[in-house]
Amino acid sequence: MDRLARTDPLTGTLNRLGITETVDRELHRALRRQRPLAVVAIDLDGLREINNTLGHHAGDQLLETITRHWLGAIRGGDDVGRTGGDEFLFVLPDTREEEAENFVRRMASSSPGAWSAGVAGAEPGDTALSLVERADRRMYVDKAIRRGAEDLRPS
């Protein structure tokens, strides 16, 4: 029952409760042990358009496909959680920010769908909320840059 309460039924990843608890636990562990921790905020690009044009079943299939890709690429101690409709978090213990950025680039290059990401490394004095908010802000910058790049493509 506990596992079901913390798991997203569609993707099999942690749900908002599960991933929030994971960020909090891993942040405390990282700060106590003086080890790196990276959190990645992810937002799928174009899910709303897929749902509106092809239907929610197609959107659900995209969510399932992308999360399978992520789950196949992460290490054993890493976690993925769905925080909203098309929003996710990766929790990467023992990972420096620049390592997480490289990991995200590699995963995005082979991804079955497009997504925007923001990476934040834990810093002294961080709370789970401040760490996630920093990653989220960086994800929105990435999303804006990606949208701008799409707007500059020739017709």
# chains A, B, ... in the order shown; residues from 1 in each chain; ligands from 1
>>> select_by_dssp(residues="stretch 21-116 of chain A", states="strand (DSSP E)", output="number ranges by chain")
A: 37-44, 79-82, 87-93, 115-116
>>> residues_around(residues="A:Asp136", least_positions_apart="3", cutoff="9 Å", atoms="only C-alpha atoms", output="list in words")
Val40, Ala41, Ile42, Ala117, Gly118, Val119, Ala120, Leu131, Val132, Glu133, Met139, Tyr140 and Val141 of chain A
>>> residues_around(residues="A:Asp79", least_positions_apart="6", cutoff="12 Å", atoms="only C-alpha atoms", output="ChimeraX atom specification")
/A:7,12-15,18-23,25-26,37-40,67,70-73,88-93
>>> write_last_selection(atoms="N, CA, C and O atoms", output="tab-separated table (two decimals), in the first residue's frame")
chain	number	residue	atom	x	y	z
A	7	THR	N	3.52	5.99	-5.98
A	7	THR	CA	3.83	5.66	-7.37
A	7	THR	C	2.78	6.21	-8.31
A	7	THR	O	1.58	6.11	-8.04
A	12	GLY	N	4.74	4.55	-13.74
A	12	GLY	CA	5.51	3.67	-12.87
A	12	GLY	C	6.61	4.37	-12.12
A	12	GLY	O	7.35	3.76	-11.36
A	13	THR	N	6.73	5.68	-12.31
A	13	THR	CA	7.71	6.48	-11.56
A	13	THR	C	7.10	6.85	-10.21
A	13	THR	O	5.91	6.61	-9.97
A	14	LEU	N	7.90	7.47	-9.36
A	14	LEU	CA	7.34	8.00	-8.12
A	14	LEU	C	6.35	9.10	-8.47
A	14	LEU	O	6.47	9.76	-9.51
A	15	ASN	N	5.35	9.31	-7.60
A	15	ASN	CA	4.44	10.43	-7.80
A	15	ASN	C	4.98	11.64	-7.03
A	15	ASN	O	6.09	11.61	-6.50
A	18	GLY	N	6.00	10.80	-3.45
A	18	GLY	CA	7.18	9.95	-3.41
A	18	GLY	C	8.46	10.67	-3.77
A	18	GLY	O	9.48	10.52	-3.10
A	19	ILE	N	8.43	11.49	-4.81
A	19	ILE	CA	9.66	12.17	-5.24
A	19	ILE	C	10.00	13.31	-4.29
A	19	ILE	O	11.17	13.59	-4.04
A	20	THR	N	9.00	13.96	-3.72
A	20	THR	CA	9.26	15.01	-2.73
A	20	THR	C	9.95	14.43	-1.50
A	20	THR	O	10.91	15.02	-0.99
A	21	GLU	N	9.46	13.29	-1.03
A	21	GLU	CA	10.12	12.63	0.10
A	21	GLU	C	11.55	12.22	-0.26
A	21	GLU	O	12.46	12.32	0.57
A	22	THR	N	11.76	11.78	-1.49
A	22	THR	CA	13.09	11.37	-1.94
A	22	THR	C	14.04	12.55	-1.97
A	22	THR	O	15.19	12.45	-1.52
A	23	VAL	N	13.60	13.68	-2.51
A	23	VAL	CA	14.46	14.88	-2.55
A	23	VAL	C	14.85	15.26	-1.13
A	23	VAL	O	16.03	15.51	-0.84
A	25	ARG	N	14.93	13.42	1.66
A	25	ARG	CA	15.81	12.42	2.27
A	25	ARG	C	17.23	12.50	1.68
A	25	ARG	O	18.22	12.50	2.41
A	26	GLU	N	17.33	12.58	0.36
A	26	GLU	CA	18.64	12.59	-0.29
A	26	GLU	C	19.39	13.90	-0.03
A	26	GLU	O	20.62	13.90	0.08
A	37	LEU	N	24.76	16.23	-4.73
A	37	LEU	CA	23.42	15.79	-5.09
A	37	LEU	C	22.92	16.74	-6.18
A	37	LEU	O	23.05	17.96	-6.04
A	38	ALA	N	22.38	16.18	-7.23
A	38	ALA	CA	21.78	17.00	-8.28
A	38	ALA	C	20.31	16.64	-8.43
A	38	ALA	O	19.93	15.48	-8.29
A	39	VAL	N	19.52	17.67	-8.70
A	39	VAL	CA	18.10	17.50	-9.00
A	39	VAL	C	17.87	18.09	-10.37
A	39	VAL	O	18.39	19.16	-10.70
A	40	VAL	N	17.09	17.39	-11.18
A	40	VAL	CA	16.77	17.83	-12.53
A	40	VAL	C	15.27	18.00	-12.64
A	40	VAL	O	14.52	17.05	-12.37
A	67	THR	N	9.29	7.88	-20.15
A	67	THR	CA	9.70	7.46	-18.81
A	67	THR	C	10.41	6.11	-18.85
A	67	THR	O	11.34	5.89	-18.09
A	70	TRP	N	13.92	6.99	-19.70
A	70	TRP	CA	14.64	7.52	-18.55
A	70	TRP	C	14.98	6.42	-17.55
A	70	TRP	O	16.10	6.37	-17.06
A	71	LEU	N	14.00	5.59	-17.24
A	71	LEU	CA	14.22	4.54	-16.25
A	71	LEU	C	15.30	3.55	-16.71
A	71	LEU	O	16.02	2.99	-15.88
A	72	GLY	N	15.42	3.37	-18.00
A	72	GLY	CA	16.46	2.50	-18.53
A	72	GLY	C	17.84	3.13	-18.51
A	72	GLY	O	18.86	2.43	-18.63
A	73	ALA	N	17.91	4.45	-18.36
A	73	ALA	CA	19.18	5.16	-18.43
A	73	ALA	C	19.75	5.56	-17.06
A	73	ALA	O	20.94	5.82	-16.95
A	88	PHE	N	8.41	16.36	-14.39
A	88	PHE	CA	9.11	15.30	-13.69
A	88	PHE	C	10.32	15.85	-12.96
A	88	PHE	O	10.80	16.93	-13.27
A	89	LEU	N	10.82	15.07	-12.01
A	89	LEU	CA	12.08	15.36	-11.33
A	89	LEU	C	12.95	14.11	-11.39
A	89	LEU	O	12.45	13.00	-11.24
A	90	PHE	N	14.24	14.33	-11.59
A	90	PHE	CA	15.25	13.29	-11.39
A	90	PHE	C	15.98	13.67	-10.10
A	90	PHE	O	16.29	14.85	-9.89
A	91	VAL	N	16.28	12.71	-9.27
A	91	VAL	CA	17.10	12.90	-8.08
A	91	VAL	C	18.34	12.03	-8.29
A	91	VAL	O	18.23	10.81	-8.41
A	92	LEU	N	19.51	12.69	-8.35
A	92	LEU	CA	20.76	12.01	-8.69
A	92	LEU	C	21.77	12.15	-7.56
A	92	LEU	O	22.56	13.10	-7.53
A	93	PRO	N	21.75	11.22	-6.60
A	93	PRO	CA	22.72	11.27	-5.50
A	93	PRO	C	24.15	11.09	-6.02
A	93	PRO	O	24.38	10.47	-7.06
>>> closest_residue(among="A:Gly59, A:Leu4, A:Asp78, A:Arg106", to="A:Asp94", atoms="only C-alpha atoms")
A:Asp78
>>> select_by_dssp(residues="stretch 94-147 of chain A", states="helix (DSSP H, G or I)", output="PyMOL selection string")
chain A and resi 97-109+128-147
>>> write_last_selection(atoms="N, CA and C atoms", output="short mmCIF file (atom, residue, chain, number, x, y, z; two decimals), in the first residue's frame")
data_model
loop_
_atom_site.label_atom_id
_atom_site.label_comp_id
_atom_site.auth_asym_id
_atom_site.auth_seq_id
_atom_site.Cartn_x
_atom_site.Cartn_y
_atom_site.Cartn_z
N GLU A 97 26.65 18.93 -10.25
CA GLU A 97 25.78 19.62 -11.19
C GLU A 97 26.25 19.43 -12.63
N GLU A 98 27.53 19.62 -12.89
CA GLU A 98 28.02 19.49 -14.26
C GLU A 98 27.91 18.05 -14.78
N GLU A 99 28.05 17.07 -13.91
CA GLU A 99 27.84 15.67 -14.31
C GLU A 99 26.38 15.44 -14.69
N ALA A 100 25.48 16.02 -13.92
CA ALA A 100 24.05 15.88 -14.21
C ALA A 100 23.71 16.56 -15.54
N GLU A 101 24.30 17.72 -15.80
CA GLU A 101 24.06 18.41 -17.07
C GLU A 101 24.51 17.55 -18.25
N ASN A 102 25.67 16.92 -18.13
CA ASN A 102 26.16 16.03 -19.19
C ASN A 102 25.24 14.83 -19.37
N PHE A 103 24.79 14.26 -18.26
CA PHE A 103 23.86 13.13 -18.29
C PHE A 103 22.56 13.52 -19.01
N VAL A 104 22.03 14.68 -18.68
CA VAL A 104 20.78 15.14 -19.29
C VAL A 104 20.98 15.34 -20.79
N ARG A 105 22.09 15.92 -21.20
CA ARG A 105 22.35 16.11 -22.63
C ARG A 105 22.40 14.77 -23.36
N ARG A 106 23.09 13.79 -22.78
CA ARG A 106 23.17 12.46 -23.41
C ARG A 106 21.79 11.83 -23.52
N MET A 107 20.99 11.92 -22.45
CA MET A 107 19.66 11.32 -22.47
C MET A 107 18.75 12.02 -23.48
N ALA A 108 18.84 13.34 -23.54
CA ALA A 108 17.98 14.10 -24.46
C ALA A 108 18.32 13.77 -25.91
N SER A 109 19.59 13.52 -26.20
CA SER A 109 19.98 13.25 -27.58
C SER A 109 19.42 11.94 -28.11
N ALA A 128 14.80 21.19 0.50
CA ALA A 128 14.29 20.47 -0.66
C ALA A 128 13.55 21.44 -1.58
N LEU A 129 12.79 22.35 -1.00
CA LEU A 129 12.04 23.32 -1.79
C LEU A 129 12.96 24.25 -2.56
N SER A 130 13.99 24.78 -1.92
CA SER A 130 14.88 25.72 -2.62
C SER A 130 15.64 25.02 -3.74
N LEU A 131 16.04 23.78 -3.52
CA LEU A 131 16.76 23.03 -4.54
C LEU A 131 15.86 22.75 -5.76
N VAL A 132 14.66 22.32 -5.51
CA VAL A 132 13.72 22.03 -6.60
C VAL A 132 13.34 23.32 -7.33
N GLU A 133 13.13 24.39 -6.59
CA GLU A 133 12.77 25.67 -7.22
C GLU A 133 13.89 26.17 -8.12
N ARG A 134 15.14 26.00 -7.72
CA ARG A 134 16.27 26.42 -8.54
C ARG A 134 16.32 25.60 -9.83
N ALA A 135 16.13 24.29 -9.72
CA ALA A 135 16.11 23.44 -10.92
C ALA A 135 14.93 23.83 -11.81
N ASP A 136 13.79 24.12 -11.22
CA ASP A 136 12.60 24.50 -11.97
C ASP A 136 12.81 25.81 -12.73
N ARG A 137 13.41 26.80 -12.08
CA ARG A 137 13.69 28.07 -12.76
C ARG A 137 14.62 27.85 -13.96
N ARG A 138 15.62 27.02 -13.78
CA ARG A 138 16.55 26.74 -14.88
C ARG A 138 15.86 25.98 -16.01
N MET A 139 14.90 25.13 -15.67
CA MET A 139 14.15 24.42 -16.69
C MET A 139 13.33 25.40 -17.52
N TYR A 140 12.72 26.40 -16.88
CA TYR A 140 11.94 27.37 -17.62
C TYR A 140 12.81 28.23 -18.52
N VAL A 141 14.04 28.50 -18.11
CA VAL A 141 14.99 29.20 -18.99
C VAL A 141 15.29 28.33 -20.21
N ASP A 142 15.56 27.05 -19.99
CA ASP A 142 15.82 26.12 -21.09
C ASP A 142 14.62 26.06 -22.02
N LYS A 143 13.43 25.98 -21.47
CA LYS A 143 12.21 25.91 -22.29
C LYS A 143 12.06 27.17 -23.13
N ALA A 144 12.32 28.34 -22.55
CA ALA A 144 12.22 29.60 -23.29
C ALA A 144 13.25 29.64 -24.42
N ILE A 145 14.45 29.17 -24.14
CA ILE A 145 15.49 29.14 -25.18
C ILE A 145 15.08 28.19 -26.29
N ARG A 146 14.56 27.02 -25.93
CA ARG A 146 14.14 26.05 -26.93
C ARG A 146 12.99 26.60 -27.78
N ARG A 147 12.05 27.27 -27.15
CA ARG A 147 10.93 27.87 -27.91
C ARG A 147 11.45 28.94 -28.84
#
